[in-house]
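Participant: Structure file upload.txt (compact mmCIF, C-alpha atoms (C1' of nucleotides)) right here:
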```txt
# COMPACT_ATOMS: atom_id res chain seq x y z
CA MET A 17 12.51 -15.11 28.20
CA VAL A 18 13.24 -11.49 28.75
CA TYR A 19 9.70 -10.21 28.64
CA SER A 20 6.53 -11.85 29.62
CA LEU A 21 2.84 -11.19 29.70
CA THR A 22 1.12 -10.59 33.00
CA ASP A 23 -1.10 -13.45 34.09
CA LYS A 24 -4.08 -11.27 33.37
CA ASP A 25 -3.02 -10.49 29.80
CA LYS A 26 -2.01 -14.09 29.21
CA GLU A 27 -5.41 -15.22 30.37
CA GLY A 28 -7.13 -12.62 28.24
CA LEU A 29 -5.25 -13.87 25.20
CA ASN A 30 -6.03 -17.52 25.96
CA ARG A 31 -9.69 -16.84 26.47
CA ALA A 32 -10.00 -14.73 23.31
CA LEU A 33 -8.23 -17.34 21.20
CA LYS A 34 -10.24 -20.20 22.67
CA GLY A 35 -13.39 -18.26 21.87
CA LYS A 36 -12.45 -18.54 18.21
CA GLY A 37 -11.22 -22.13 18.53
CA LEU A 38 -7.59 -21.06 18.15
CA ARG A 39 -4.47 -21.99 20.09
CA PRO A 40 -2.07 -19.81 22.03
CA THR A 41 1.08 -20.69 20.15
CA LYS A 42 4.38 -19.17 21.16
CA GLN A 43 4.36 -16.98 18.06
CA ARG A 44 0.93 -15.54 18.83
CA THR A 45 1.85 -15.06 22.46
CA SER A 46 5.10 -13.37 21.57
CA VAL A 47 3.51 -11.02 19.04
CA TYR A 48 0.86 -10.09 21.57
CA GLU A 49 3.54 -9.56 24.21
CA VAL A 50 5.47 -7.20 21.98
CA ILE A 51 2.37 -5.24 21.07
CA LEU A 52 1.35 -4.86 24.70
CA ARG A 53 4.79 -4.10 26.07
CA LYS A 54 5.48 -0.88 24.23
CA LYS A 55 2.26 0.97 23.72
CA ASP A 56 3.14 2.65 20.47
CA HIS A 57 1.81 1.91 16.99
CA PRO A 58 4.25 -0.38 15.22
CA THR A 59 3.99 -1.56 11.64
CA ALA A 60 4.21 -5.28 10.88
CA ASP A 61 7.88 -4.79 10.05
CA GLU A 62 8.57 -3.19 13.39
CA VAL A 63 6.74 -5.99 15.17
CA LEU A 64 8.92 -8.47 13.29
CA VAL A 65 12.09 -6.81 14.58
CA ARG A 66 10.86 -6.82 18.15
CA VAL A 67 9.54 -10.37 18.11
CA ARG A 68 12.77 -11.68 16.65
CA ARG A 69 14.55 -10.77 19.85
CA GLU A 70 12.49 -13.60 21.38
CA LEU A 71 11.93 -15.85 18.35
CA PRO A 72 14.83 -15.19 15.99
CA THR A 73 13.47 -17.32 13.16
CA ILE A 74 9.92 -15.99 12.96
CA SER A 75 8.95 -14.79 9.49
CA LEU A 76 7.11 -11.67 8.41
CA ALA A 77 4.31 -13.84 7.05
CA THR A 78 3.78 -15.35 10.47
CA VAL A 79 3.81 -11.92 12.07
CA TYR A 80 1.07 -10.89 9.64
CA ASN A 81 -0.84 -14.08 10.43
CA CYS A 82 -0.56 -13.50 14.17
CA LEU A 83 -1.53 -9.85 13.95
CA GLU A 84 -4.51 -10.73 11.80
CA THR A 85 -5.57 -13.32 14.34
CA LEU A 86 -5.22 -10.84 17.19
CA VAL A 87 -7.30 -8.32 15.26
CA GLU A 88 -9.98 -10.94 14.63
CA CYS A 89 -10.01 -11.75 18.32
CA GLY A 90 -10.49 -8.09 19.13
CA LEU A 91 -7.23 -7.81 21.05
CA VAL A 92 -5.48 -5.48 18.65
CA ARG A 93 -6.70 -2.74 16.36
CA GLN A 94 -5.48 -1.54 13.01
CA VAL A 95 -4.69 2.10 12.43
CA ASN A 96 -4.65 3.67 8.98
CA PHE A 97 -3.09 6.84 7.74
CA ASP A 98 -2.88 8.12 4.18
CA ARG A 99 -0.45 6.16 1.99
CA ALA A 100 1.18 4.55 4.99
CA PRO A 101 1.54 0.93 6.06
CA THR A 102 -0.95 -0.44 8.55
CA ARG A 103 -0.08 0.12 12.16
CA PHE A 104 -1.24 -1.93 15.10
CA CYS A 105 -2.58 -0.71 18.41
CA PRO A 106 -3.28 -2.61 21.63
CA ASN A 107 -5.39 0.13 23.21
CA LEU A 108 -8.91 -1.26 23.30
CA THR A 109 -10.50 1.67 25.08
CA PRO A 110 -12.44 4.06 22.84
CA HIS A 111 -9.96 6.44 21.33
CA ALA A 112 -8.92 8.22 18.16
CA HIS A 113 -5.46 8.69 16.66
CA PHE A 114 -3.55 11.83 15.92
CA LYS A 115 -0.50 11.92 13.70
CA CYS A 116 1.79 14.89 13.93
CA SER A 117 2.72 15.79 10.36
CA ARG A 118 5.99 17.29 11.56
CA THR A 119 7.36 14.44 13.63
CA GLY A 120 5.29 11.49 12.41
CA GLU A 121 4.49 10.65 16.02
CA ILE A 122 1.13 9.02 16.68
CA PHE A 123 -0.90 9.78 19.79
CA ASP A 124 -3.93 8.08 21.28
CA LEU A 125 -6.74 10.50 22.06
CA PRO A 126 -9.24 9.05 24.52
CA MET A 127 -12.91 9.44 23.67
CA ASP A 128 -15.53 9.53 26.37
CA PRO A 129 -18.66 7.36 25.92
CA ASN A 130 -20.70 10.45 25.29
CA THR A 131 -18.60 11.35 22.25
CA VAL A 132 -18.77 7.81 20.96
CA GLU A 133 -22.54 7.88 21.26
CA HIS A 134 -22.64 11.21 19.49
CA LEU A 135 -20.58 9.76 16.66
CA LYS A 136 -22.97 6.91 16.16
CA THR A 137 -25.81 9.33 15.58
CA ILE A 138 -24.50 9.93 12.08
CA LEU A 139 -25.30 6.33 11.12
CA PRO A 140 -28.52 6.22 9.12
CA LYS A 141 -31.15 3.60 9.80
CA GLY A 142 -30.02 0.24 8.49
CA PHE A 143 -26.32 0.91 9.11
CA LEU A 144 -24.82 -1.19 11.87
CA ALA A 145 -21.21 -0.33 12.69
CA GLU A 146 -18.91 -3.05 13.98
CA ASN A 147 -16.03 -0.65 14.48
CA PHE A 148 -14.68 2.70 13.48
CA ASP A 149 -11.34 4.34 12.92
CA LEU A 150 -10.97 8.04 13.58
CA SER A 151 -7.64 9.57 12.63
CA PHE A 152 -6.54 13.16 12.74
CA VAL A 153 -3.51 14.60 11.02
CA GLY A 154 -2.13 17.91 12.14
CA SER A 155 0.55 19.59 14.13
CA THR A 156 1.33 19.50 17.80
CA ASN A 157 2.75 22.24 19.89
CA LEU A 158 3.50 20.53 23.14
CA SER A 159 6.02 23.06 24.33
CA GLN A 160 3.68 24.88 26.71
CA MET B 8 -14.49 14.91 -25.42
CA VAL B 9 -17.34 12.89 -24.04
CA TYR B 10 -17.38 14.35 -20.58
CA SER B 11 -16.52 17.74 -19.37
CA LEU B 12 -16.36 19.75 -16.22
CA THR B 13 -18.93 22.38 -15.52
CA ASP B 14 -17.61 25.92 -15.80
CA LYS B 15 -17.87 26.20 -12.05
CA ASP B 16 -15.81 23.08 -11.37
CA LYS B 17 -13.31 24.01 -14.04
CA GLU B 18 -12.90 27.39 -12.46
CA GLY B 19 -12.55 25.86 -9.01
CA LEU B 20 -9.82 23.60 -10.28
CA ASN B 21 -7.99 26.44 -12.02
CA ARG B 22 -8.13 28.65 -8.99
CA ALA B 23 -6.96 25.91 -6.61
CA LEU B 24 -4.06 24.98 -8.88
CA LYS B 25 -3.04 28.57 -9.42
CA GLY B 26 -3.06 29.05 -5.66
CA LYS B 27 -0.26 26.51 -5.48
CA GLY B 28 1.51 27.81 -8.58
CA LEU B 29 0.47 24.76 -10.61
CA ARG B 30 -0.99 24.44 -14.09
CA PRO B 31 -4.27 22.93 -15.23
CA THR B 32 -2.85 20.33 -17.59
CA LYS B 33 -5.15 18.06 -19.51
CA GLN B 34 -4.14 15.13 -17.30
CA ARG B 35 -5.01 16.95 -14.10
CA THR B 36 -8.24 18.21 -15.58
CA SER B 37 -9.20 14.79 -16.81
CA VAL B 38 -8.45 13.08 -13.51
CA TYR B 39 -10.48 15.70 -11.70
CA GLU B 40 -13.31 15.28 -14.19
CA VAL B 41 -13.41 11.54 -13.65
CA ILE B 42 -13.38 11.92 -9.89
CA LEU B 43 -16.21 14.43 -9.95
CA ARG B 44 -18.31 12.67 -12.53
CA LYS B 45 -19.08 9.48 -10.67
CA LYS B 46 -19.26 10.21 -7.00
CA ASP B 47 -17.99 6.90 -5.75
CA HIS B 48 -14.64 6.12 -4.15
CA PRO B 49 -12.31 4.79 -6.81
CA THR B 50 -8.79 3.50 -6.24
CA ALA B 51 -5.95 4.90 -8.34
CA ASP B 52 -6.27 1.86 -10.60
CA GLU B 53 -9.93 2.52 -11.18
CA VAL B 54 -9.22 6.16 -11.93
CA LEU B 55 -6.64 5.04 -14.48
CA VAL B 56 -9.21 2.92 -16.29
CA ARG B 57 -11.71 5.76 -16.41
CA VAL B 58 -9.23 8.44 -17.45
CA ARG B 59 -7.89 6.26 -20.23
CA ARG B 60 -11.21 6.53 -22.01
CA GLU B 61 -10.24 10.18 -22.50
CA LEU B 62 -6.45 9.98 -22.50
CA PRO B 63 -5.58 6.47 -23.63
CA THR B 64 -1.85 6.79 -23.01
CA ILE B 65 -1.88 8.17 -19.49
CA SER B 66 0.19 6.14 -17.03
CA LEU B 67 -0.63 5.02 -13.51
CA ALA B 68 2.27 7.11 -12.20
CA THR B 69 0.71 10.22 -13.72
CA VAL B 70 -2.65 9.33 -12.21
CA TYR B 71 -0.96 9.09 -8.81
CA ASN B 72 0.76 12.43 -9.44
CA CYS B 73 -2.49 14.11 -10.42
CA LEU B 74 -4.42 12.64 -7.50
CA GLU B 75 -1.71 13.74 -5.11
CA THR B 76 -1.84 17.23 -6.54
CA LEU B 77 -5.61 17.35 -6.20
CA VAL B 78 -5.34 16.19 -2.60
CA GLU B 79 -2.76 18.88 -1.89
CA CYS B 80 -5.06 21.46 -3.42
CA GLY B 81 -7.88 20.30 -1.16
CA LEU B 82 -10.09 19.22 -4.06
CA VAL B 83 -10.02 15.51 -3.33
CA ARG B 84 -9.75 13.50 -0.15
CA GLN B 85 -8.17 10.16 0.59
CA VAL B 86 -10.13 7.42 2.27
CA ASN B 87 -8.50 4.58 4.14
CA PHE B 88 -9.78 1.20 5.14
CA ASP B 89 -7.88 -1.67 6.74
CA ARG B 90 -5.43 -3.38 4.39
CA ALA B 91 -6.99 -1.82 1.35
CA PRO B 92 -5.64 0.50 -1.32
CA THR B 93 -6.24 4.20 -0.93
CA ARG B 94 -9.52 5.46 -2.32
CA PHE B 95 -10.28 8.95 -3.49
CA CYS B 96 -13.32 11.05 -2.71
CA PRO B 97 -14.47 14.35 -4.22
CA ASN B 98 -16.99 15.09 -1.49
CA LEU B 99 -15.60 18.07 0.38
CA THR B 100 -18.48 18.53 2.75
CA PRO B 101 -17.93 17.16 6.26
CA HIS B 102 -18.72 13.49 6.18
CA ALA B 103 -17.58 10.07 7.31
CA HIS B 104 -17.35 6.81 5.40
CA PHE B 105 -19.06 3.52 5.94
CA LYS B 106 -17.95 0.31 4.32
CA CYS B 107 -20.36 -2.57 4.21
CA SER B 108 -18.36 -5.67 5.06
CA ARG B 109 -20.77 -7.82 3.09
CA THR B 110 -20.81 -5.96 -0.22
CA GLY B 111 -17.69 -3.78 0.04
CA GLU B 112 -19.79 -0.78 -0.89
CA ILE B 113 -18.70 2.55 0.55
CA PHE B 114 -21.18 5.20 1.62
CA ASP B 115 -20.75 8.84 2.53
CA LEU B 116 -22.35 9.74 5.82
CA PRO B 117 -22.89 13.48 6.19
CA MET B 118 -21.84 15.06 9.46
CA ASP B 119 -23.52 18.19 10.73
CA PRO B 120 -21.30 21.02 12.00
CA ASN B 121 -22.35 20.27 15.53
CA THR B 122 -20.96 16.75 15.32
CA VAL B 123 -17.75 18.00 13.78
CA GLU B 124 -17.37 20.48 16.64
CA HIS B 125 -18.04 17.75 19.14
CA LEU B 126 -15.35 15.62 17.54
CA LYS B 127 -12.79 18.32 17.88
CA THR B 128 -13.34 18.46 21.62
CA ILE B 129 -11.27 15.32 21.97
CA LEU B 130 -8.16 17.17 20.80
CA PRO B 131 -6.01 18.10 23.80
CA LYS B 132 -4.44 21.51 24.11
CA GLY B 133 -1.54 21.85 21.69
CA PHE B 134 -3.07 19.55 19.06
CA LEU B 135 -4.13 21.32 15.91
CA ALA B 136 -5.93 19.09 13.39
CA GLU B 137 -5.64 19.86 9.69
CA ASN B 138 -8.00 17.09 8.72
CA PHE B 139 -9.56 13.88 9.91
CA ASP B 140 -10.73 10.62 8.47
CA LEU B 141 -13.61 8.79 10.12
CA SER B 142 -14.40 5.37 8.74
CA PHE B 143 -16.92 2.85 9.92
CA VAL B 144 -17.02 -0.79 8.95
CA GLY B 145 -20.18 -2.77 9.47
CA SER B 146 -23.20 -4.19 7.80
CA THR B 147 -26.07 -2.53 6.08
CA ASN B 148 -29.61 -3.66 5.95
CA LEU B 149 -31.17 -1.37 3.42
CA SER B 150 -34.10 -3.61 2.58
CA GLN B 151 -36.65 -1.78 4.74
C1' DT C 12 0.34 -43.42 19.18
C1' DT C 13 -2.06 -42.61 15.17
C1' DT C 14 -4.69 -39.27 12.94
C1' DA C 15 -6.53 -35.00 11.68
C1' DT C 16 -6.17 -30.40 11.71
C1' DA C 17 -4.06 -26.00 12.56
C1' DA C 18 -0.11 -23.22 12.31
C1' DT C 19 4.49 -22.02 10.74
C1' DT C 20 7.76 -21.45 7.41
C1' DA C 21 10.46 -19.58 3.38
C1' DG C 22 10.03 -17.81 -0.47
C1' DA C 23 7.45 -16.62 -4.48
C1' DA C 24 3.78 -13.86 -6.11
C1' DT C 25 1.01 -10.00 -6.24
C1' DA C 26 -0.51 -5.44 -5.28
C1' DA C 27 0.32 -0.73 -4.13
C1' DT C 28 3.06 3.02 -4.42
C1' DT C 29 7.18 5.66 -5.38
C1' DC C 30 11.28 6.79 -7.86
C1' DT C 31 14.27 7.78 -11.86
C1' DA C 32 15.79 9.45 -16.00
C1' DT C 33 14.13 11.05 -20.25
C1' DT C 34 10.96 13.50 -23.05
C1' DT C 35 7.43 16.77 -23.80
C1' DA C 36 4.72 20.83 -22.89
C1' DC C 37 4.25 25.27 -21.26
C1' DA C 38 5.22 30.08 -20.05
C1' DT C 39 8.50 33.64 -20.22
C1' DT C 40 11.87 36.21 -22.05
C1' DT C 41 14.28 37.84 -26.04
C1' DA D 12 8.27 33.86 -33.30
C1' DA D 13 12.58 31.47 -31.44
C1' DA D 14 15.16 30.41 -27.48
C1' DT D 15 15.25 29.34 -22.74
C1' DG D 16 14.13 27.58 -18.32
C1' DT D 17 11.09 25.06 -15.61
C1' DA D 18 7.21 22.05 -14.65
C1' DA D 19 4.91 17.98 -15.79
C1' DA D 20 4.31 13.56 -18.05
C1' DT D 21 6.01 9.33 -19.30
C1' DA D 22 7.48 4.32 -19.12
C1' DG D 23 9.34 1.37 -16.66
C1' DA D 24 12.14 -0.01 -12.87
C1' DA D 25 12.39 -0.17 -7.98
C1' DT D 26 10.57 -0.45 -3.63
C1' DT D 27 7.30 -1.44 -0.17
C1' DA D 28 3.35 -3.80 1.67
C1' DT D 29 0.79 -7.66 1.81
C1' DT D 30 -0.87 -12.20 0.49
C1' DC D 31 -0.42 -16.74 -1.29
C1' DT D 32 1.51 -21.44 -1.86
C1' DA D 33 3.26 -25.71 -0.87
C1' DA D 34 5.91 -28.19 2.34
C1' DT D 35 6.90 -28.99 7.16
C1' DT D 36 6.02 -28.99 12.04
C1' DA D 37 3.26 -28.74 16.18
C1' DT D 38 -0.84 -29.61 18.62
C1' DA D 39 -5.12 -31.74 20.19
C1' DA D 40 -8.21 -35.39 19.93
C1' DA D 41 -9.45 -40.11 19.19
```
Do you think you could lay out the structure here as structure tokens?
Facilitator:
Amino acid sequence: MVYSLTDKDKEGLNRALKGKGLRPTKQRTSVYEVILRKKDHPTADEVLVRVRRELPTISLATVYNCLETLVECGLVRQVNFDRAPTRFCPNLTPHAHFKCSRTGEIFDLPMDPNTVEHLKTILPKGFLAENFDLSFVGSTNLSQ
Amino acid sequence: MVYSLTDKDKEGLNRALKGKGLRPTKQRTSVYEVILRKKDHPTADEVLVRVRRELPTISLATVYNCLETLVECGLVRQVNFDRAPTRFCPNLTPHAHFKCSRTGEIFDLPMDPNTVEHLKTILPKGFLAENFDLSFVGSTNLSQ
DNA sequence: TTTATAATTAGAATAATTCTATTTACATTT
DNA sequence: AAATGTAAATAGAATTATTCTAATTATAAA
């Protein structure tokens, strides 16, 4: 094994899975590992490539299954942009996403609790949000 | 013609298209008409069905072309939810979307300018947003 | 250890979107 | 008004993204 989860992350995964009555199989562990290791926003295809370095025979269907499980457990989030495949994100802190239309790069933008609270004020009575996805598209000028 | 655009909407369409050097063909007009008429959030497939009542031979590819053009002209917006086909929205006022996970229904949630300004404060220096997409998923209890 | 269940697998199936090559419509120039 | 050039529409194929299916394997519990 080239990579491996920290004890803390491993434990977090085990606890979250157990909470749903699910098992920490090597596929799930490996997918989680890959998602945590490089904190970018891979598509399912990209996850497949990375996981295959550890588990050369894993299929795309299993990667989808594992990612779906991780999302259900609240360990991974899905990120959507217009007409683009789903991307997956291990950052569980409140944040938005920004895609640079020039480079395609995706950035996490942290949101303070105050902003999150402010956001929720737009929910009318009777609307209970389980989660939200806030994505910006624009251009970056990071040269300064 | 059963339906038709108001003069105001027609003019808005013409002006927006002309601004991009494009022509108001009957397909574009009809797609726009359908999108404006029923203010829900149809997928491209649903738009096809509706437009075919007017233009029975129009193809899905043309519907995609027209929708893309309308998006580029700023007359229609795309709405994304996890693992779901793109939906299209004619509401150009600042708002978010809420999808009820029970019924699948999608609601527009208006955002006041103050909230929009607040949102933009999370953009770091050098990040210029052209647009954003804010989507909530949760449950509604509209029985009260 | 048997048994029951959950998970994985490959590959097929489906759904969503884009591409291609041809035809048609439009606007402009003659 | 006819010819010309370009934009748009078209059908259908191709591609991409995702889900489903049925068979096999792994795991946990009895």
Participant: Quick one: which residues from chain A are at most 9 Å off chain C, using all atoms listed in the file, as a ChimeraX atom specification?
Facilitator: /A:38-39,41,43,74-75,77-78,99
Participant: When you look at Arg44 (chain A) with a cut-off of 9 Å (counting all atoms listed in the file), what residues show up, excluding the ones that are within fewer than 5 positions of it in the same chain? I need them as a PyMOL selection string.
Facilitator: chain A and resi 39+49+78-79+81-83+85-86
Participant: Name all residues at most 8 Å from region 56-60 of chain B (count all atoms listed in the file; drop same-chain ones fewer than 3 positions away) and give them as a PyMOL selection string.
Facilitator: chain B and resi 37-38+41+52-53+63-65
Participant: Give me, as a PDB file with C-alpha atoms, keeping the file's coordinate frame, the residues of chain A touching chain B, with the criterion being at most 6 Å (counting all atoms listed in the file).
Facilitator:
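The file below, iface.pdb, is the result:
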```pdb
ATOM      1  CA  GLY A 142     -30.020   0.240   8.490  1.00  0.00           C
ATOM      2  CA  PHE A 143     -26.320   0.910   9.110  1.00  0.00           C
ATOM      3  CA  LEU A 144     -24.820  -1.190  11.870  1.00  0.00           C
ATOM      4  CA  ALA A 145     -21.210  -0.330  12.690  1.00  0.00           C
ATOM      5  CA  GLU A 146     -18.910  -3.050  13.980  1.00  0.00           C
ATOM      6  CA  ASN A 147     -16.030  -0.650  14.480  1.00  0.00           C
ATOM      7  CA  PHE A 148     -14.680   2.700  13.480  1.00  0.00           C
ATOM      8  CA  ASP A 149     -11.340   4.340  12.920  1.00  0.00           C
ATOM      9  CA  LEU A 150     -10.970   8.040  13.580  1.00  0.00           C
ATOM     10  CA  SER A 151      -7.640   9.570  12.630  1.00  0.00           C
ATOM     11  CA  PHE A 152      -6.540  13.160  12.740  1.00  0.00           C
ATOM     12  CA  VAL A 153      -3.510  14.600  11.020  1.00  0.00           C
ATOM     13  CA  GLY A 154      -2.130  17.910  12.140  1.00  0.00           C
ATOM     14  CA  SER A 155       0.550  19.590  14.130  1.00  0.00           C
ATOM     15  CA  THR A 156       1.330  19.500  17.800  1.00  0.00           C
ATOM     16  CA  ASN A 157       2.750  22.240  19.890  1.00  0.00           C
ATOM     17  CA  LEU A 158       3.500  20.530  23.140  1.00  0.00           C
TER      18      LEU A 158
END
```
Participant: Using only the atoms of region 99-105 of chain B listed in the file, plus 5 Å on each side, state the axis-aligned box centre and edge lengths in Å rounded to one decimal, as JSON.
Facilitator:
```
{"center_x": -17.3, "center_y": 11.0, "center_z": 3.8, "size_x": 13.5, "size_y": 25.0, "size_z": 16.9}
```
Participant: What residues in chain D have any atom no more than 9 Å from chain B when counting only C-alpha atoms (C1' of nucleotides), and can you write them as a compact mmCIF listing (two decimals) with C-alpha atoms (C1' of nucleotides), keeping the file's coordinate frame?
Facilitator:
```txt
# COMPACT_ATOMS: atom_id res chain seq x y z
C1' DA D 18 7.21 22.05 -14.65
C1' DA D 19 4.91 17.98 -15.79
C1' DA D 20 4.31 13.56 -18.05
C1' DT D 21 6.01 9.33 -19.30
C1' DA D 22 7.48 4.32 -19.12
C1' DT D 29 0.79 -7.66 1.81
```
Participant: Could you check which of A:Val92, A:Pro110, A:Leu71, A:Pro129 is closest to Pro58 (chain A), using all atoms listed in the file?
Facilitator: A:Val92
